[in-house]
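Structure first, commentary second.
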Amino acid sequence: QKEVEQDPGPLSVPEGAIVSLNCTYSNSAFQYFMWYRQYSRKGPELLMYTYSSGNKEDGRFTAQVDKSSKYISLFIRDSQPSDSATYLCAMRNTGRRALTFGSGTRLQVQP
Amino acid sequence: NAGVTQTPKFRVLKTGQSMTLLCAQDMNHEYMYWYRQDPGMGLRLIHYSVGEGTTAKGEVPDGYNVSRLKKQNFLLGLESAAPSQTSVYFCASSRPPGQGTMNTEAFFGQGTRLTVV
C-alpha cells in the first residue's frame, strides 16, 4: 500500500464549480502538508502549505488538514479554465526535507 | 530569473548508453533532490543531497548515481540506461529543515524527458 493515496481522476468540472481534491496518508509522523500544481509538461509549483492540522486559505484556494483522520483536502472556489492542471499532494516529517507525493489528480475545467 | 535549471530538456538513449543530467540552482539552497515521475506513480525520490560533497539514497536509487561537487549543482548519472528508466526527471532544491515556511519548501525545475529505447 502506498504511503500517500490520491485519486488520479481525471476530474472534469464546468467553469465556476467548486472543486474538492483529497489525499489520505498512513504515516502519522507527517507534519507538513503541501499541494503542488503541475501544468502539462512543466515542473510542479508549490500552491498551498500547511503545518499540522487546520485550514489555510489563499484567494480561491483552501487547504485543510485533518491529522486525526490522516486526510487532507484542497478546495478551489469559482474554478477557472486556467486551473486545469494536475494537482499533487505532498507531505513530509519534521526535520526531513524530502517529500512523499501522491500520484496526482488531473483536473479539467471546461469553459 | 532565479530558479532551478535542468539540462537537457529532452533526450533519447539506446539501452546500455550512459548520460548525465545536470541541475543548477541559483537560490543558494543547501538541499537538492532528484525525483522521477511516472504515470500513476507521482514523484519518487531517487537521491538527494543535504550539502556540498554529500549525497544520500532515496526511494528508488538503483541504476543511478549522483554527485554534488558544487553547492549550486547536482548531477544525476545513468551508467547503463534501461527502458525502465524512461521517465520524466525533476530536480528540486530547498533550504534545510527548521525554517518551515512556504518559501523554504522544494522548488522544482522544468524537468528532463528521457526515453530509453
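In the C-alpha cells, the first chain shown is A, the next is B, and so on; residue numbers restart at 1 for each chain, and ligands run from 1 in the order shown.
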Find the residues around Asp58 (chain A) up to 10 Å (only C-alpha atoms counted), leave out those fewer than 4 positions away in its own chain, and share them as a ChimeraX atom specification. /A:47-48,62-63,76
Can I get the residues of chain A within 7 Å of chain B, each with the closest pair of atoms and their distance in Å to one decimal, using only C-alpha atoms, sorted chain first then ascending number, as JSON lines?
```
{"residue": "A:Lys42", "atom": "CA", "partner": "B:Gln110", "partner_atom": "CA", "distance": 5.2}
{"residue": "A:Gly43", "atom": "CA", "partner": "B:Gln110", "partner_atom": "CA", "distance": 4.3}
{"residue": "A:Pro44", "atom": "CA", "partner": "B:Phe108", "partner_atom": "CA", "distance": 6.1}
{"residue": "A:Glu45", "atom": "CA", "partner": "B:Phe108", "partner_atom": "CA", "distance": 6.8}
{"residue": "A:Tyr49", "atom": "CA", "partner": "B:Met102", "partner_atom": "CA", "distance": 5.8}
{"residue": "A:Gly95", "atom": "CA", "partner": "B:Pro97", "partner_atom": "CA", "distance": 5.1}
{"residue": "A:Arg96", "atom": "CA", "partner": "B:Pro97", "partner_atom": "CA", "distance": 6.4}
{"residue": "A:Arg97", "atom": "CA", "partner": "B:Pro97", "partner_atom": "CA", "distance": 6.1}
{"residue": "A:Phe101", "atom": "CA", "partner": "B:Leu43", "partner_atom": "CA", "distance": 5.9}
{"residue": "A:Gly102", "atom": "CA", "partner": "B:Gly42", "partner_atom": "CA", "distance": 5.6}
{"residue": "A:Ser103", "atom": "CA", "partner": "B:Gly42", "partner_atom": "CA", "distance": 3.6}
{"residue": "A:Gly104", "atom": "CA", "partner": "B:Gly42", "partner_atom": "CA", "distance": 6.0}
```
Which neighbours of region 77-87 of chain B fall inside 10 Å, counting only C-alpha atoms, when residues of the same chain fewer than 4 positions from it are skipped, and could you give them as a PyMOL selection string? chain B and resi 11-22+35-39+62-67+111-117
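Omitting Asn22 (chain A) and its sequence neighbours fewer than 2 positions away, and counting only C-alpha atoms, the residues within 9 Å are Glu5, Gln6, Asp7, Ser20, Thr24, Tyr71, Ile72, Ser73, Leu74, Phe75, Cys89 and Thr105 of chain A.
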Write the residues of the selection above to a file with all heavy atoms, as a compact mmCIF listing (two decimals), in the first residue's frame.
```txt
# COMPACT_ATOMS: atom_id res chain seq x y z
N GLU A 5 -2.16 8.17 -0.72
CA GLU A 5 -3.11 7.77 -1.74
C GLU A 5 -3.87 9.00 -2.26
O GLU A 5 -4.32 9.83 -1.47
CB GLU A 5 -4.12 6.76 -1.18
CG GLU A 5 -3.52 5.45 -0.70
CD GLU A 5 -3.23 4.48 -1.83
OE1 GLU A 5 -3.54 4.80 -3.00
OE2 GLU A 5 -2.69 3.39 -1.54
N GLN A 6 -3.97 9.05 -3.59
CA GLN A 6 -4.66 10.19 -4.21
C GLN A 6 -5.42 9.67 -5.42
O GLN A 6 -4.87 8.93 -6.23
CB GLN A 6 -3.64 11.26 -4.63
CG GLN A 6 -4.25 12.51 -5.19
CD GLN A 6 -3.23 13.60 -5.47
OE1 GLN A 6 -2.02 13.40 -5.34
NE2 GLN A 6 -3.72 14.78 -5.84
N ASP A 7 -6.68 10.06 -5.53
CA ASP A 7 -7.49 9.65 -6.67
C ASP A 7 -6.93 10.30 -7.95
O ASP A 7 -6.81 11.52 -8.00
CB ASP A 7 -8.94 10.10 -6.46
CG ASP A 7 -9.88 9.55 -7.52
OD1 ASP A 7 -9.42 9.28 -8.65
OD2 ASP A 7 -11.07 9.40 -7.22
N SER A 20 -13.12 19.80 -5.19
CA SER A 20 -12.56 19.22 -3.98
C SER A 20 -11.58 18.11 -4.37
O SER A 20 -11.94 17.18 -5.08
CB SER A 20 -13.68 18.63 -3.12
OG SER A 20 -13.14 17.90 -2.03
N THR A 24 -5.24 10.77 1.23
CA THR A 24 -5.14 10.10 2.53
C THR A 24 -3.72 9.60 2.69
O THR A 24 -3.01 9.36 1.70
CB THR A 24 -6.11 8.92 2.65
OG1 THR A 24 -5.83 7.98 1.60
CG2 THR A 24 -7.55 9.38 2.53
N TYR A 71 -6.08 12.80 6.59
CA TYR A 71 -6.82 13.17 5.40
C TYR A 71 -6.56 14.65 5.13
O TYR A 71 -6.69 15.48 6.03
CB TYR A 71 -8.30 12.93 5.68
CG TYR A 71 -9.25 13.11 4.52
CD1 TYR A 71 -9.50 12.05 3.65
CD2 TYR A 71 -9.92 14.31 4.32
CE1 TYR A 71 -10.39 12.19 2.61
CE2 TYR A 71 -10.80 14.46 3.27
CZ TYR A 71 -11.05 13.40 2.42
OH TYR A 71 -11.92 13.53 1.38
N ILE A 72 -6.18 14.97 3.88
CA ILE A 72 -6.01 16.37 3.52
C ILE A 72 -6.83 16.69 2.28
O ILE A 72 -7.09 15.80 1.45
CB ILE A 72 -4.53 16.76 3.32
CG1 ILE A 72 -3.95 16.16 2.03
CG2 ILE A 72 -3.68 16.31 4.51
CD1 ILE A 72 -2.58 16.72 1.68
N SER A 73 -7.25 17.94 2.17
CA SER A 73 -8.10 18.37 1.07
C SER A 73 -7.63 19.71 0.52
O SER A 73 -7.05 20.51 1.24
CB SER A 73 -9.55 18.52 1.54
OG SER A 73 -10.06 17.33 2.08
N LEU A 74 -7.92 19.90 -0.75
CA LEU A 74 -7.74 21.20 -1.40
C LEU A 74 -9.06 21.55 -2.07
O LEU A 74 -9.60 20.76 -2.85
CB LEU A 74 -6.63 21.14 -2.45
CG LEU A 74 -6.43 22.42 -3.24
CD1 LEU A 74 -5.84 23.52 -2.35
CD2 LEU A 74 -5.52 22.19 -4.46
N PHE A 75 -9.58 22.74 -1.73
CA PHE A 75 -10.80 23.23 -2.34
C PHE A 75 -10.46 24.40 -3.25
O PHE A 75 -9.69 25.29 -2.87
CB PHE A 75 -11.81 23.67 -1.27
CG PHE A 75 -12.26 22.55 -0.38
CD1 PHE A 75 -11.64 22.34 0.84
CD2 PHE A 75 -13.29 21.71 -0.76
CE1 PHE A 75 -12.03 21.30 1.67
CE2 PHE A 75 -13.69 20.66 0.06
CZ PHE A 75 -13.07 20.45 1.28
N CYS A 89 -0.62 16.19 -4.05
CA CYS A 89 -0.42 16.42 -2.63
C CYS A 89 0.98 15.91 -2.27
O CYS A 89 1.51 14.98 -2.91
CB CYS A 89 -1.48 15.74 -1.78
SG CYS A 89 -1.54 13.95 -1.88
N THR A 105 -3.89 14.29 -9.16
CA THR A 105 -5.24 14.28 -9.73
C THR A 105 -5.27 15.27 -10.88
O THR A 105 -4.93 16.44 -10.71
CB THR A 105 -6.30 14.68 -8.69
OG1 THR A 105 -6.29 13.77 -7.60
CG2 THR A 105 -7.68 14.71 -9.34
```
Among region 24-110 of chain B, which residues does DSSP mark as strand (DSSP E) when it is run on the backbone? Keep the chain and numbering as in the structure and answer as an MDAnalysis selection string. chainID B and resid 24:25 31:38 42:49 56:57 65:67 73:78 87:94 107:108
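Interatomic distance, CA of Thr94 (chain A) against CA of Tyr25 (chain A): 15.8 Å.
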